[in-house]
>>> print(open('entry28.txt').read())   # compact mmCIF, C-alpha atoms
# COMPACT_ATOMS: atom_id res chain seq x y z
CA MET A 242 120.66 149.92 86.48
CA ASP A 243 121.73 147.61 89.29
CA LYS A 244 119.56 146.50 92.18
CA ARG A 245 120.86 149.19 94.54
CA GLN A 246 119.85 151.98 92.17
CA ALA A 247 116.40 150.44 91.65
CA ILE A 248 115.81 150.10 95.39
CA GLY A 249 117.22 153.58 96.04
CA SER A 250 114.88 155.18 93.50
CA TRP A 251 111.94 153.34 95.02
CA LEU A 252 112.81 154.48 98.55
CA SER A 253 113.35 158.12 97.62
CA GLY A 254 110.13 158.34 95.63
CA PRO A 255 109.10 159.08 92.08
CA ARG A 256 110.17 162.73 92.17
CA ALA A 257 113.78 161.87 92.99
CA ALA A 258 113.80 159.20 90.30
CA MET A 259 112.48 161.70 87.73
CA GLU A 260 115.03 164.31 88.79
CA ASP A 261 117.80 161.72 88.40
CA ALA A 262 116.48 161.09 84.89
CA GLY A 263 116.82 164.80 84.07
CA ALA A 264 113.34 166.23 84.74
CA ASP A 265 113.27 169.79 86.09
CA PHE A 266 110.38 170.48 88.47
CA GLY A 267 111.50 173.97 89.47
CA TYR A 268 110.96 175.37 92.94
CA ARG A 269 107.79 175.19 95.02
CA GLY A 270 105.33 177.82 93.84
CA GLU A 271 107.00 178.54 90.52
CA GLN A 272 103.93 177.43 88.54
CA LEU A 273 101.79 179.74 90.68
CA GLY A 274 103.95 182.76 89.97
CA LEU A 275 105.20 183.04 93.56
CA PRO A 276 108.79 183.82 94.58
CA GLU A 277 111.13 181.05 95.69
CA ASP A 278 112.07 182.58 99.07
CA GLY A 279 111.06 185.43 101.32
CA PRO A 280 107.73 187.23 101.63
CA GLY A 281 105.08 185.90 99.27
CA SER A 282 106.67 182.47 98.89
CA LEU A 283 104.74 179.32 99.73
CA ALA A 284 104.71 178.42 103.41
CA ARG A 285 106.65 175.35 104.47
CA PRO A 286 104.79 172.44 106.08
CA GLY A 287 106.42 172.98 109.50
CA ARG A 288 105.06 176.50 109.82
CA ARG A 289 101.65 175.43 108.58
CA ILE A 290 101.41 172.58 111.08
CA GLY A 291 102.65 174.84 113.89
CA ALA A 292 100.00 177.45 113.07
CA LEU A 293 97.33 174.75 112.97
CA ALA A 294 98.46 173.43 116.36
CA VAL A 295 98.27 176.92 117.90
CA ASP A 296 94.80 177.50 116.45
CA TRP A 297 93.55 174.10 117.59
CA GLY A 298 95.01 174.59 121.08
CA LEU A 299 93.33 177.98 121.33
CA CYS A 300 89.99 176.48 120.28
CA LEU A 301 90.37 173.62 122.78
CA LEU A 302 91.16 176.11 125.51
CA ILE A 303 88.06 178.16 124.70
CA ALA A 304 85.85 175.06 124.56
CA TYR A 305 87.29 173.63 127.77
CA GLY A 306 87.18 176.85 129.75
CA LEU A 307 84.01 178.51 128.54
CA ILE A 308 81.62 175.89 127.18
CA THR A 309 82.23 172.44 128.66
CA ASP A 310 83.14 171.94 132.26
CA GLY A 311 85.86 169.36 131.81
CA TYR A 312 87.53 167.49 129.01
CA GLY A 313 85.46 164.95 127.10
CA GLN A 314 84.03 164.18 123.69
CA ALA A 315 81.90 167.32 123.83
CA THR A 316 85.02 169.45 124.25
CA GLY A 317 86.49 168.18 120.99
CA ASN A 318 83.23 168.74 119.15
CA TRP A 319 82.88 172.28 120.47
CA ALA A 320 86.54 172.96 119.64
CA LEU A 321 85.91 171.89 116.04
CA LEU A 322 82.92 174.23 115.82
CA ILE A 323 84.93 177.10 117.32
CA PHE A 324 87.80 176.33 114.90
CA PHE A 325 85.37 176.41 111.98
CA VAL A 326 83.89 179.77 112.98
CA MET A 327 87.26 181.31 113.86
CA SER A 328 88.90 180.17 110.63
CA LEU A 329 85.95 181.25 108.49
CA LEU A 330 85.74 184.70 110.03
CA THR A 331 89.45 185.49 110.25
CA VAL A 332 90.63 184.02 106.93
CA GLY A 333 87.61 185.50 105.14
CA THR A 334 88.28 189.00 106.48
CA VAL A 335 91.97 189.57 107.29
CA GLY A 336 93.52 186.49 105.64
CA PHE A 337 94.99 184.77 108.67
CA THR A 338 94.08 183.09 111.95
CA PRO A 339 95.89 183.88 115.23
CA GLY A 340 98.19 180.89 114.71
CA LYS A 341 98.98 181.85 111.14
CA ARG A 342 99.78 185.41 112.23
CA LEU A 343 102.03 184.11 115.00
CA PHE A 344 103.97 182.02 112.47
CA GLY A 345 104.05 184.78 109.84
CA LEU A 346 101.64 183.21 107.36
CA ARG A 347 98.73 184.51 105.32
CA VAL A 348 96.14 182.92 103.04
CA VAL A 349 95.85 184.62 99.64
CA ALA A 350 93.69 183.99 96.59
CA LEU A 351 95.83 183.18 93.57
CA ASP A 352 94.00 185.48 91.17
CA THR A 353 92.99 188.49 93.31
CA GLY A 354 95.28 188.30 96.33
CA THR A 355 92.50 188.65 98.90
CA VAL A 356 90.31 185.80 100.07
CA HIS A 357 86.61 186.57 99.91
CA PRO A 358 84.22 184.80 102.32
CA GLY A 359 83.03 182.26 99.71
CA ARG A 360 86.52 180.92 99.18
CA ALA A 361 87.15 181.01 102.91
CA LEU A 362 84.01 178.89 103.42
CA VAL A 363 85.13 176.26 100.90
CA ARG A 364 88.63 176.19 102.36
CA THR A 365 87.43 175.96 105.96
CA VAL A 366 84.88 173.20 105.32
CA LEU A 367 87.50 171.10 103.56
CA LEU A 368 90.08 171.84 106.25
CA CYS A 369 87.67 170.67 108.97
CA LEU A 370 87.13 167.42 107.08
CA ALA A 371 90.93 166.88 107.47
CA ILE A 372 91.38 164.43 104.56
CA PRO A 373 91.68 167.13 101.85
CA ALA A 374 94.33 168.88 103.95
CA LEU A 375 96.42 165.69 104.00
CA ILE A 376 96.53 165.38 100.20
CA TRP A 377 99.29 167.66 98.89
CA ASP A 378 100.38 168.57 95.40
CA ARG A 379 103.98 169.01 94.27
CA ASP A 380 104.00 172.60 95.55
CA GLY A 381 102.95 171.49 99.04
CA ARG A 382 99.45 172.96 98.82
CA GLY A 383 96.66 170.90 100.31
CA LEU A 384 93.61 169.86 98.35
CA HIS A 385 91.59 172.38 100.38
CA ASP A 386 93.80 175.17 99.02
CA ARG A 387 93.65 173.87 95.46
CA LEU A 388 89.86 173.66 95.40
CA ALA A 389 89.49 177.12 96.96
CA ARG A 390 92.19 178.48 94.58
CA THR A 391 94.20 179.85 97.50
CA ALA A 392 97.74 179.51 98.77
CA GLU A 393 99.28 179.92 102.21
CA VAL A 394 102.26 182.25 101.89
CA ARG A 395 104.84 183.82 104.16
CA ILE A 396 104.29 187.43 105.24
>>> encode(input="entry28.txt", output="structure tokens")
Amino acid sequence: MDKRQAIGSWLSGPRAAMEDAGADFGYRGEQLGLPEDGPGSLARPGRRIGALAVDWGLCLLIAYGLITDGYGQATGNWALLIFFVMSLLTVGTVGFTPGKRLFGLRVVALDTGTVHPGRALVRTVLLCLAIPALIWDRDGRGLHDRLARTAEVRI
């Protein structure tokens, strides 16, 4: 291995280096029994972030317009509380928030298919803490989804 290959493998990450060595990781969601493409496949990060942005914007709008009378620190705090309640109620009952529905996503439990309120509570608390949502596994699921045993899939 020359220096260019060593630097190239370091820049592209350990997964690319393992794939170059012959390791087969399969597609995202294969270990979970989900299809590779189409309905029921794991949601891509772009859609997930877009849905989160829509939900957060909606919560900020509600906090700004109905609770606080101007934008400040209190608006962000109220928006987080509204986001928590909205996510807990909607994911725990119908499986998606308004942003997720807009982007064609749904949260499902890996074993039963429907998310009961207990799993929605665990998922929502960890999502509001933000750090677990930033730690992803090889399938692209956040730590909040892994601990709640859920997955965000395409509708």
>>> closest_residue(input="entry28.txt", among="A:Gln272, A:Phe266, A:Gly317, A:Leu343", to="A:Asp296", atoms="only C-alpha atoms")
A:Leu343
>>> residues_around(input="entry28.txt", residues="A:Leu321", least_positions_apart="4", cutoff="8 Å", atoms="only C-alpha atoms", output="ChimeraX atom specification")
/A:300,317,325,369
>>> closest_residue(input="entry28.txt", among="A:Arg347, A:Arg379, A:Arg342, A:Arg387", to="A:Val295", atoms="only C-alpha atoms")
A:Arg342
>>> closest_residue(input="entry28.txt", among="A:Val332, A:Ala315, A:Leu301, A:Val348", to="A:Arg390", atoms="only C-alpha atoms")
A:Val348
>>> residues_around(input="entry28.txt", residues="A:Gly298", least_positions_apart="6", cutoff="12 Å", atoms="all atoms listed in the file", output="PyMOL selection string")
chain A and resi 291-292+304-306+316-317+320-321+323-324+339-340
>>> closest_residue(input="entry28.txt", among="A:Gln314, A:Thr353, A:Thr309, A:Thr365", to="A:Gly333", atoms="only C-alpha atoms")
A:Thr365
>>> closest_residue(input="entry28.txt", among="A:Gly287, A:Gly311, A:Gly345, A:Pro358", to="A:Val394", atoms="only C-alpha atoms")
A:Gly345
>>> decode(input="entry28.txt", residues="stretch 278-294 of chain A", atoms="all heavy atoms", output="PDB file, in the first residue's frame")
ATOM      1  N   ASP A 278     -35.398  -0.424  -1.105  1.00  0.00           N
ATOM      2  CA  ASP A 278     -35.987   0.793  -1.673  1.00  0.00           C
ATOM      3  C   ASP A 278     -37.498   0.739  -1.539  1.00  0.00           C
ATOM      4  O   ASP A 278     -38.079  -0.322  -1.314  1.00  0.00           O
ATOM      5  CB  ASP A 278     -35.624   0.923  -3.160  1.00  0.00           C
ATOM      6  CG  ASP A 278     -34.149   1.221  -3.364  1.00  0.00           C
ATOM      7  OD1 ASP A 278     -33.597   1.997  -2.578  1.00  0.00           O
ATOM      8  OD2 ASP A 278     -33.566   0.664  -4.320  1.00  0.00           O
ATOM      9  N   GLY A 279     -38.115   1.893  -1.740  1.00  0.00           N
ATOM     10  CA  GLY A 279     -39.572   1.961  -1.774  1.00  0.00           C
ATOM     11  C   GLY A 279     -40.209   2.026  -0.399  1.00  0.00           C
ATOM     12  O   GLY A 279     -39.543   2.267   0.608  1.00  0.00           O
ATOM     13  N   PRO A 280     -41.521   1.821  -0.340  1.00  0.00           N
ATOM     14  CA  PRO A 280     -42.240   1.884   0.934  1.00  0.00           C
ATOM     15  C   PRO A 280     -41.714   0.844   1.928  1.00  0.00           C
ATOM     16  O   PRO A 280     -41.455  -0.300   1.572  1.00  0.00           O
ATOM     17  CB  PRO A 280     -43.686   1.568   0.547  1.00  0.00           C
ATOM     18  CG  PRO A 280     -43.765   1.884  -0.901  1.00  0.00           C
ATOM     19  CD  PRO A 280     -42.413   1.603  -1.467  1.00  0.00           C
ATOM     20  N   GLY A 281     -41.531   1.272   3.150  1.00  0.00           N
ATOM     21  CA  GLY A 281     -41.024   0.389   4.193  1.00  0.00           C
ATOM     22  C   GLY A 281     -39.517   0.385   4.339  1.00  0.00           C
ATOM     23  O   GLY A 281     -38.992  -0.192   5.277  1.00  0.00           O
ATOM     24  N   SER A 282     -38.808   1.050   3.428  1.00  0.00           N
ATOM     25  CA  SER A 282     -37.354   1.121   3.544  1.00  0.00           C
ATOM     26  C   SER A 282     -36.978   2.245   4.509  1.00  0.00           C
ATOM     27  O   SER A 282     -37.772   3.143   4.768  1.00  0.00           O
ATOM     28  CB  SER A 282     -36.721   1.363   2.178  1.00  0.00           C
ATOM     29  OG  SER A 282     -37.100   2.622   1.654  1.00  0.00           O
ATOM     30  N   LEU A 283     -35.766   2.161   5.032  1.00  0.00           N
ATOM     31  CA  LEU A 283     -35.316   3.183   5.978  1.00  0.00           C
ATOM     32  C   LEU A 283     -35.274   4.559   5.321  1.00  0.00           C
ATOM     33  O   LEU A 283     -34.880   4.694   4.162  1.00  0.00           O
ATOM     34  CB  LEU A 283     -33.919   2.849   6.505  1.00  0.00           C
ATOM     35  CG  LEU A 283     -33.842   1.823   7.618  1.00  0.00           C
ATOM     36  CD1 LEU A 283     -32.400   1.545   7.989  1.00  0.00           C
ATOM     37  CD2 LEU A 283     -34.605   2.277   8.838  1.00  0.00           C
ATOM     38  N   ALA A 284     -35.692   5.556   6.073  1.00  0.00           N
ATOM     39  CA  ALA A 284     -35.695   6.931   5.572  1.00  0.00           C
ATOM     40  C   ALA A 284     -34.270   7.453   5.465  1.00  0.00           C
ATOM     41  O   ALA A 284     -33.428   7.167   6.312  1.00  0.00           O
ATOM     42  CB  ALA A 284     -36.514   7.813   6.504  1.00  0.00           C
ATOM     43  N   ARG A 285     -34.019   8.229   4.453  1.00  0.00           N
ATOM     44  CA  ARG A 285     -32.712   8.855   4.251  1.00  0.00           C
ATOM     45  C   ARG A 285     -32.564  10.049   5.182  1.00  0.00           C
ATOM     46  O   ARG A 285     -33.549  10.666   5.591  1.00  0.00           O
ATOM     47  CB  ARG A 285     -32.559   9.305   2.799  1.00  0.00           C
ATOM     48  CG  ARG A 285     -32.641   8.176   1.812  1.00  0.00           C
ATOM     49  CD  ARG A 285     -31.320   7.510   1.704  1.00  0.00           C
ATOM     50  NE  ARG A 285     -31.380   6.454   0.706  1.00  0.00           N
ATOM     51  CZ  ARG A 285     -30.530   5.468   0.683  1.00  0.00           C
ATOM     52  NH1 ARG A 285     -29.586   5.404   1.567  1.00  0.00           N
ATOM     53  NH2 ARG A 285     -30.623   4.540  -0.231  1.00  0.00           N
ATOM     54  N   PRO A 286     -31.333  10.424   5.501  1.00  0.00           N
ATOM     55  CA  PRO A 286     -31.117  11.548   6.424  1.00  0.00           C
ATOM     56  C   PRO A 286     -31.706  12.868   5.941  1.00  0.00           C
ATOM     57  O   PRO A 286     -32.182  13.662   6.755  1.00  0.00           O
ATOM     58  CB  PRO A 286     -29.591  11.641   6.512  1.00  0.00           C
ATOM     59  CG  PRO A 286     -29.106  10.285   6.169  1.00  0.00           C
ATOM     60  CD  PRO A 286     -30.096   9.733   5.184  1.00  0.00           C
ATOM     61  N   GLY A 287     -31.707  13.137   4.637  1.00  0.00           N
ATOM     62  CA  GLY A 287     -32.249  14.400   4.137  1.00  0.00           C
ATOM     63  C   GLY A 287     -33.723  14.563   4.455  1.00  0.00           C
ATOM     64  O   GLY A 287     -34.171  15.627   4.886  1.00  0.00           O
ATOM     65  N   ARG A 288     -34.487  13.509   4.239  1.00  0.00           N
ATOM     66  CA  ARG A 288     -35.919  13.557   4.559  1.00  0.00           C
ATOM     67  C   ARG A 288     -36.143  13.705   6.058  1.00  0.00           C
ATOM     68  O   ARG A 288     -37.039  14.407   6.495  1.00  0.00           O
ATOM     69  CB  ARG A 288     -36.608  12.282   4.084  1.00  0.00           C
ATOM     70  CG  ARG A 288     -36.855  12.237   2.612  1.00  0.00           C
ATOM     71  CD  ARG A 288     -37.660  11.007   2.287  1.00  0.00           C
ATOM     72  NE  ARG A 288     -38.005  11.002   0.883  1.00  0.00           N
ATOM     73  CZ  ARG A 288     -39.009  10.333   0.377  1.00  0.00           C
ATOM     74  NH1 ARG A 288     -39.755   9.593   1.160  1.00  0.00           N
ATOM     75  NH2 ARG A 288     -39.264  10.378  -0.900  1.00  0.00           N
ATOM     76  N   ARG A 289     -35.342  13.001   6.831  1.00  0.00           N
ATOM     77  CA  ARG A 289     -35.504  13.072   8.287  1.00  0.00           C
ATOM     78  C   ARG A 289     -35.208  14.475   8.808  1.00  0.00           C
ATOM     79  O   ARG A 289     -35.943  15.006   9.638  1.00  0.00           O
ATOM     80  CB  ARG A 289     -34.580  12.058   8.962  1.00  0.00           C
ATOM     81  CG  ARG A 289     -34.954  10.629   8.644  1.00  0.00           C
ATOM     82  CD  ARG A 289     -34.007   9.675   9.273  1.00  0.00           C
ATOM     83  NE  ARG A 289     -34.236   9.702  10.725  1.00  0.00           N
ATOM     84  CZ  ARG A 289     -33.826   8.772  11.548  1.00  0.00           C
ATOM     85  NH1 ARG A 289     -33.158   7.750  11.097  1.00  0.00           N
ATOM     86  NH2 ARG A 289     -34.076   8.869  12.834  1.00  0.00           N
ATOM     87  N   ILE A 290     -34.157  15.074   8.309  1.00  0.00           N
ATOM     88  CA  ILE A 290     -33.796  16.432   8.742  1.00  0.00           C
ATOM     89  C   ILE A 290     -34.840  17.430   8.254  1.00  0.00           C
ATOM     90  O   ILE A 290     -35.209  18.356   8.976  1.00  0.00           O
ATOM     91  CB  ILE A 290     -32.377  16.791   8.257  1.00  0.00           C
ATOM     92  CG1 ILE A 290     -31.353  15.934   8.998  1.00  0.00           C
ATOM     93  CG2 ILE A 290     -32.085  18.273   8.456  1.00  0.00           C
ATOM     94  CD1 ILE A 290     -29.950  16.011   8.449  1.00  0.00           C
ATOM     95  N   GLY A 291     -35.343  17.259   7.036  1.00  0.00           N
ATOM     96  CA  GLY A 291     -36.399  18.138   6.532  1.00  0.00           C
ATOM     97  C   GLY A 291     -37.660  18.054   7.371  1.00  0.00           C
ATOM     98  O   GLY A 291     -38.277  19.074   7.693  1.00  0.00           O
ATOM     99  N   ALA A 292     -38.059  16.837   7.750  1.00  0.00           N
ATOM    100  CA  ALA A 292     -39.237  16.668   8.599  1.00  0.00           C
ATOM    101  C   ALA A 292     -39.031  17.300   9.964  1.00  0.00           C
ATOM    102  O   ALA A 292     -39.938  17.946  10.509  1.00  0.00           O
ATOM    103  CB  ALA A 292     -39.562  15.187   8.743  1.00  0.00           C
ATOM    104  N   LEU A 293     -37.830  17.150  10.512  1.00  0.00           N
ATOM    105  CA  LEU A 293     -37.521  17.760  11.805  1.00  0.00           C
ATOM    106  C   LEU A 293     -37.568  19.285  11.712  1.00  0.00           C
ATOM    107  O   LEU A 293     -38.082  19.960  12.612  1.00  0.00           O
ATOM    108  CB  LEU A 293     -36.153  17.293  12.285  1.00  0.00           C
ATOM    109  CG  LEU A 293     -35.694  17.819  13.637  1.00  0.00           C
ATOM    110  CD1 LEU A 293     -36.595  17.293  14.748  1.00  0.00           C
ATOM    111  CD2 LEU A 293     -34.258  17.407  13.885  1.00  0.00           C
ATOM    112  N   ALA A 294     -37.068  19.832  10.615  1.00  0.00           N
ATOM    113  CA  ALA A 294     -37.096  21.288  10.432  1.00  0.00           C
ATOM    114  C   ALA A 294     -38.533  21.805  10.331  1.00  0.00           C
ATOM    115  O   ALA A 294     -38.862  22.851  10.903  1.00  0.00           O
ATOM    116  CB  ALA A 294     -36.299  21.676   9.187  1.00  0.00           C
TER     117      ALA A 294
END
